[in-house]
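Structure data (compact mmCIF, C-alpha atoms) from my_file-v3.txt:
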# COMPACT_ATOMS: atom_id res chain seq x y z
CA MET A 466 82.91 -132.87 43.97
CA GLY A 467 83.17 -129.45 42.30
CA GLU A 468 85.83 -129.18 39.65
CA THR A 469 87.63 -125.85 39.13
CA ARG A 470 87.43 -124.74 35.51
CA LEU A 471 90.67 -123.24 34.27
CA PRO A 472 90.36 -119.94 32.43
CA SER A 473 91.27 -120.11 28.75
CA MET A 474 93.27 -117.42 26.98
CA SER A 475 93.86 -117.21 23.24
CA ALA A 476 96.95 -115.69 21.65
CA THR A 477 94.89 -112.65 20.59
CA GLU A 478 93.64 -112.11 24.14
CA SER A 479 97.19 -112.43 25.39
CA LEU A 480 98.36 -109.81 22.87
CA ILE A 481 95.59 -107.40 23.93
CA LEU A 482 96.48 -107.81 27.61
CA ASP A 483 100.12 -107.13 26.78
CA MET A 484 99.11 -103.84 25.17
CA LEU A 485 96.80 -102.89 28.03
CA ARG A 486 99.35 -103.64 30.75
CA ARG A 487 100.61 -100.08 31.11
CA ARG A 488 97.58 -97.91 30.38
CA GLU A 489 93.98 -97.64 29.21
CA ARG A 490 93.48 -97.68 25.46
CA TYR A 491 90.73 -97.32 22.87
CA GLY A 492 89.85 -100.30 20.66
CA LEU A 493 91.06 -98.54 17.53
CA GLU A 494 94.33 -97.68 19.27
CA LEU A 495 94.85 -101.39 19.99
CA VAL A 496 94.25 -102.24 16.32
CA ASP A 497 96.65 -99.54 15.12
CA SER A 498 99.46 -100.56 17.46
CA SER A 499 99.07 -104.31 16.80
CA LYS A 500 100.75 -104.05 13.36
CA GLY A 501 97.99 -105.98 11.62
CA GLN A 502 97.55 -108.68 14.25
CA LEU A 503 94.18 -107.29 15.35
CA LYS A 504 91.36 -106.51 12.93
CA ARG A 505 88.96 -103.61 13.31
CA GLY A 506 85.90 -105.74 12.66
CA SER A 507 86.65 -108.35 15.29
CA VAL A 508 88.50 -106.47 18.04
CA TYR A 509 85.30 -105.50 19.89
CA VAL A 510 83.98 -109.08 19.80
CA THR A 511 87.25 -110.22 21.39
CA LEU A 512 87.17 -107.39 23.94
CA ALA A 513 83.55 -108.18 24.87
CA ARG A 514 84.48 -111.84 25.36
CA MET A 515 87.45 -110.81 27.50
CA GLU A 516 85.20 -108.58 29.59
CA SER A 517 82.86 -111.54 30.21
CA LYS A 518 85.85 -113.58 31.36
CA GLY A 519 86.95 -110.74 33.67
CA PHE A 520 90.24 -110.11 31.85
CA VAL A 521 89.48 -106.46 30.99
CA GLU A 522 87.23 -103.66 32.17
CA SER A 523 85.82 -100.88 30.04
CA ARG A 524 84.21 -97.49 30.44
CA GLN A 525 82.77 -94.88 28.12
CA GLU A 526 85.00 -91.89 27.45
CA GLU A 527 84.05 -88.59 29.05
CA ARG A 528 82.85 -86.15 26.44
CA PRO A 529 81.92 -82.51 26.41
CA GLN A 530 78.18 -81.79 26.52
CA GLY A 531 76.56 -81.62 23.10
CA ALA A 532 79.14 -83.88 21.44
CA ILE A 533 77.69 -85.68 18.41
CA GLY A 534 77.78 -89.44 17.90
CA LEU A 535 78.30 -92.36 20.24
CA PRO A 536 81.02 -92.18 22.91
CA ARG A 537 84.09 -94.41 22.45
CA ARG A 538 85.11 -97.04 24.98
CA LEU A 539 88.34 -97.19 26.94
CA TYR A 540 89.71 -100.58 28.00
CA ARG A 541 92.05 -101.53 30.81
CA ALA A 542 93.45 -104.86 31.99
CA THR A 543 92.24 -106.26 35.32
CA GLU A 544 94.53 -107.76 37.97
CA TYR A 545 92.94 -111.14 37.27
CA GLY A 546 93.49 -110.80 33.52
CA LEU A 547 97.17 -109.99 34.00
CA LYS A 548 97.57 -112.88 36.43
CA VAL A 549 96.07 -115.37 33.94
CA HIS A 550 98.16 -113.81 31.15
CA ASP A 551 101.40 -114.24 33.14
CA ALA A 552 100.48 -117.81 34.08
CA TYR A 553 99.84 -118.65 30.41
CA GLN A 554 103.10 -117.00 29.45
CA LEU A 555 104.98 -119.24 31.90
CA LEU A 556 103.10 -122.29 30.64
CA ARG A 557 103.90 -121.48 27.01
CA GLU A 558 107.56 -121.00 27.83
CA ALA A 559 107.67 -124.26 29.80
CA LEU A 560 105.98 -126.22 27.01
CA ALA A 561 108.32 -124.71 24.43
CA LEU A 562 111.36 -126.20 26.26
CA ARG A 563 113.02 -129.27 24.78
CA PRO A 564 113.24 -132.27 27.17
CA ALA A 565 117.02 -131.73 27.64
CA GLU A 566 116.54 -128.06 28.54
CA ALA A 567 113.79 -128.95 31.02
CA GLN A 568 116.12 -131.34 32.90
CA ALA A 569 118.93 -128.78 33.23
CA MET B 692 68.17 -94.05 6.22
CA THR B 693 71.85 -93.62 7.04
CA PHE B 694 74.24 -96.53 7.46
CA VAL B 695 74.50 -95.99 11.23
CA ALA B 696 70.70 -95.76 11.58
CA ALA B 697 70.29 -99.01 9.63
CA ILE B 698 72.81 -100.84 11.82
CA THR B 699 71.18 -99.43 14.98
CA THR B 700 67.73 -100.56 13.81
CA LEU B 701 69.02 -104.05 13.03
CA SER B 702 70.76 -104.15 16.41
CA THR B 703 67.52 -103.15 18.12
CA ARG B 704 65.83 -106.17 16.57
CA PHE B 705 68.54 -108.79 16.77
CA LEU B 706 71.04 -107.96 19.54
CA THR B 707 71.07 -107.89 23.31
CA GLU B 708 71.73 -104.58 25.04
CA ARG B 709 75.10 -105.87 26.22
CA SER B 710 76.25 -106.87 22.73
CA PHE B 711 75.13 -103.56 21.31
CA GLU B 712 76.94 -101.57 24.00
CA LEU B 713 80.16 -103.58 24.00
CA ILE B 714 80.53 -104.58 20.35
CA VAL B 715 78.48 -102.50 17.93
CA ALA B 716 78.41 -99.09 19.68
CA PRO B 717 82.23 -98.76 19.93
CA ALA B 718 82.54 -99.79 16.27
CA ILE B 719 79.99 -97.09 15.34
CA ALA B 720 81.90 -94.55 17.47
CA ASP B 721 85.09 -95.40 15.53
CA PHE B 722 83.14 -95.09 12.28
CA ASP B 723 81.92 -91.60 13.28
CA LEU B 724 85.49 -90.63 14.09
CA ASP B 725 86.75 -91.88 10.72
CA VAL B 726 84.00 -90.16 8.76
CA SER B 727 84.59 -86.86 10.55
CA SER B 728 88.31 -87.04 9.75
CA GLY B 729 87.70 -87.55 6.01
CA PRO B 730 86.09 -89.96 3.53
CA ARG B 731 89.32 -91.85 2.79
CA ARG B 732 88.74 -94.71 5.25
CA GLU B 733 84.94 -94.72 5.06
CA THR B 734 84.56 -98.03 3.19
CA SER B 735 86.81 -99.97 5.54
CA ALA B 736 85.11 -98.32 8.52
CA ARG B 737 81.69 -99.42 7.20
CA LEU B 738 82.98 -102.96 6.74
CA ALA B 739 84.34 -102.93 10.29
CA VAL B 740 80.93 -101.92 11.69
CA LEU B 741 79.22 -104.60 9.60
CA ASN B 742 81.75 -107.18 10.81
CA ALA B 743 81.23 -106.10 14.41
CA PHE B 744 77.45 -106.43 13.96
CA LEU B 745 77.75 -109.94 12.49
CA GLY B 746 80.18 -110.89 15.25
CA ALA B 747 77.70 -109.66 17.85
CA VAL B 748 74.86 -111.66 16.25
CA TRP B 749 77.05 -114.76 16.35
CA GLU B 750 78.05 -114.11 19.99
CA ASP B 751 74.40 -113.71 21.02
CA ALA B 752 73.29 -116.77 19.08
CA VAL B 753 76.01 -118.99 20.55
CA ARG B 754 76.12 -117.56 24.07
CA GLY B 755 72.35 -117.28 24.44
CA GLY B 756 71.92 -120.86 23.24
CA ASP B 757 69.70 -119.56 20.43
CA LEU B 758 71.62 -121.32 17.70
CA ALA B 759 70.18 -124.80 18.37
CA ARG B 760 66.66 -123.40 18.83
CA PHE B 761 66.97 -121.38 15.63
CA ALA B 762 68.32 -124.37 13.68
CA GLY B 763 65.31 -126.35 14.90
CA LEU B 764 62.95 -123.62 13.77
CA VAL B 765 64.58 -123.51 10.34
CA LEU B 766 64.21 -127.27 10.07
CA ILE B 767 60.39 -127.04 10.20
CA PRO B 768 59.98 -125.04 6.95
CA VAL B 769 62.86 -127.07 5.42
CA CYS B 770 60.82 -130.25 5.92
CA TYR B 771 57.67 -128.50 4.67
CA TYR B 772 59.26 -127.25 1.42
CA ALA B 773 61.23 -130.46 0.86
CA PHE B 774 58.06 -132.53 1.19
CA PHE B 775 56.25 -130.45 -1.45
CA PHE B 776 59.19 -130.48 -3.83
CA LEU B 777 59.48 -134.24 -3.53
CA LEU B 778 55.76 -134.70 -4.12
CA GLY B 779 55.76 -132.29 -7.06
CA LEU B 780 58.65 -133.88 -8.93
CA PRO B 781 57.43 -136.47 -11.46
CA GLY B 782 59.71 -139.48 -11.11
CA GLY B 783 61.25 -138.23 -7.85
CA VAL B 784 64.68 -136.83 -7.11
CA ASN B 785 66.44 -139.67 -8.99
CA ARG B 786 65.73 -137.96 -12.29
CA LEU B 787 67.59 -134.81 -11.26
CA SER B 788 71.35 -134.30 -11.61
CA SER B 789 73.40 -133.89 -8.42
CA THR B 790 73.92 -130.19 -9.22
CA MET B 791 70.16 -129.67 -9.44
CA VAL B 792 69.58 -131.54 -6.18
CA THR B 793 72.24 -129.37 -4.47
CA GLY B 794 70.69 -126.21 -5.94
CA LEU B 795 67.25 -127.30 -4.80
CA ALA B 796 68.54 -128.05 -1.29
CA ILE B 797 70.22 -124.61 -1.07
CA ALA B 798 67.03 -122.92 -2.30
CA ILE B 799 64.96 -124.77 0.30
CA VAL B 800 67.29 -123.82 3.16
CA ALA B 801 67.46 -120.19 1.96
CA LEU B 802 63.65 -120.03 1.68
CA SER B 803 63.33 -121.46 5.17
CA PHE B 804 65.71 -118.97 6.79
CA ALA B 805 63.62 -115.92 5.92
CA PRO B 806 60.40 -116.81 7.83
CA ALA B 807 62.40 -118.20 10.76
CA ILE B 808 64.39 -114.95 11.08
CA VAL B 809 61.38 -112.67 10.65
CA CYS B 810 59.01 -114.56 12.95
CA PHE B 811 61.06 -116.39 15.52
CA TRP B 812 64.27 -114.47 16.29
CA PRO B 813 63.72 -113.48 19.93
CA GLU B 814 62.78 -109.87 20.70
CA ARG B 815 65.47 -108.16 22.69
CA GLU B 816 65.86 -105.05 24.78
CA THR B 817 68.39 -102.55 23.48
CA PRO B 818 68.89 -98.94 24.56
CA SER B 819 66.83 -97.57 21.67
CA ASN B 820 63.68 -99.63 22.18
CA ALA B 821 63.97 -99.35 25.95
CA GLU B 822 63.81 -95.56 25.53
CA ALA B 823 60.78 -95.89 23.26
CA ASP B 824 58.90 -97.72 26.03
Structure re-expressed in structure tokens:
Amino acid sequence: MGETRLPSMSATESLILDMLRRRERYGLELVDSSKGQLKRGSVYVTLARMESKGFVESRQEERPQGAIGLPRRLYRATEYGLKVHDAYQLLREALALRPAEAQA
Amino acid sequence: MTFVAAITTLSTRFLTERSFELIVAPAIADFDLDVSSGPRRETSARLAVLNAFLGAVWEDAVRGGDLARFAGLVLIPVCYYAFFFLLGLPGGVNRLSSTMVTGLAIAIVALSFAPAIVCFWPERETPSNAEAD
């Protein structure tokens, strides 16, 4: 019998999805607006992992012809990513309840 | 050789195309942006690229299942060097202090990493060597 594997989502992934909910952003933009919660050196590892899980999608920025250097990447949250994020949010809130609050 | 060229060369040897594109290339793009806007943040930008590269190596090693294979390959020269050290020591390891034994063990593992990395780390396709073909 095939068992469904539940997707896992870390707090960092959750934070990134929160920031990507409204619009596409660059990796560096995410780091800058995270107030120190995301680190420059590790943000792309996390984003790559999230892309493998299907939580985010990315594309290269459009640049004028003849631009020097590598193009930057823009990230956006997927429907699936937001769905998992919201489910985890509910779960966290439910688990944070005290037994008395849960009965009410 | 510039810093970016060095990282790209190392990525060509050690990383998959996917890891280069998704992890190292965006970090290099941010580095370029920082350098063009002034040298103030250059050191931290370099560290970020280096971190991204190491993170990508780790991702590839763990995800690709290379870590166990690589550990096995390191173990072969470890046994080889350990055997010769044990044979060469008059009176055996018992005559050495624990610090010396630890030092010797670290030296053996460090010596064993180099040939395993140079000879056995799997060749990978990245954009740069794909273009060269």
Of the listed residues A:Arg528, A:Arg486, A:Arg557, A:Arg470, that which approaches Glu544 of chain A most closely, counting all atoms listed in the file: A:Arg486
Around segment 521-537 of chain A, fit a box with edges along x, y and z, padding it by 8 Å on each side, then list its centre and edge lengths in Å to one decimal as lines of an AutoDock Vina configuration file.
center_x = 83.0
center_y = -94.0
center_z = 25.0
size_x = 28.9
size_y = 40.8
size_z = 30.3
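The smallest atom-to-atom distance between Leu764 of chain B and any of B:Leu802, B:Leu713, B:Leu706, B:Ala807, using all atoms listed in the file, is found for B:Ala807.
Nearest-residue note for Asp723 of chain B: choosing from B:Phe774, B:Phe705, B:Phe711, B:Phe694, the minimum distance belongs to B:Phe694, counting all atoms listed in the file.
Proximity ranking of A:Gly501, A:Gly519, A:Gly506, A:Gly546 relative to chain B places A:Gly506 first, based on only C-alpha atoms.
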Pick from B:Ser788, B:Thr793, B:Asn742, B:Ser702 nearest to chain A, counting only C-alpha atoms: B:Asn742
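Computed from the coordinates, the atom CA of Leu778 of chain B to atom CA of Ala759 of chain B distance equals 28.5 Å.
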Exercise: Glu750 of chain B partners within 9 Å, all atoms listed in the file, chain neighbours under 6 positions left out, as number ranges by chain: A: 510, 514; B: 710
Interface list for chain B, partner chain A, 9 Å threshold, only C-alpha atoms, as a PyMOL selection string: chain B and resi 709-710+713-721+723-724+735-736+738-744+746-747+750
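Coordinates place atom CA of Leu547 of chain A at a distance of 6.8 Å from atom CA of Leu482 of chain A.
Taking atom CA of Ile698 of chain B and atom CA of Glu494 of chain A as the two end points, the separation is 23.0 Å.
Shortest separation to Pro806 of chain B among B:Ala696, B:Val753, B:Ile767, B:Val726 occurs at residue B:Ile767, atoms counted being all atoms listed in the file.
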Close residues, Ala762 of chain B itself excluded, 12 Å, all atoms listed in the file, min 3 positions apart in chain, as a PyMOL selection string: chain B and resi 752-753+756-759+765-769+800+803-804+807-808+811-812
Contacts of Met484 of chain A within 12 Å, all atoms listed in the file, excl. fewer than 4 positions in-chain, as number ranges by chain: A: 477-480, 488-492, 494-500, 503, 521, 540-542, 547, 550
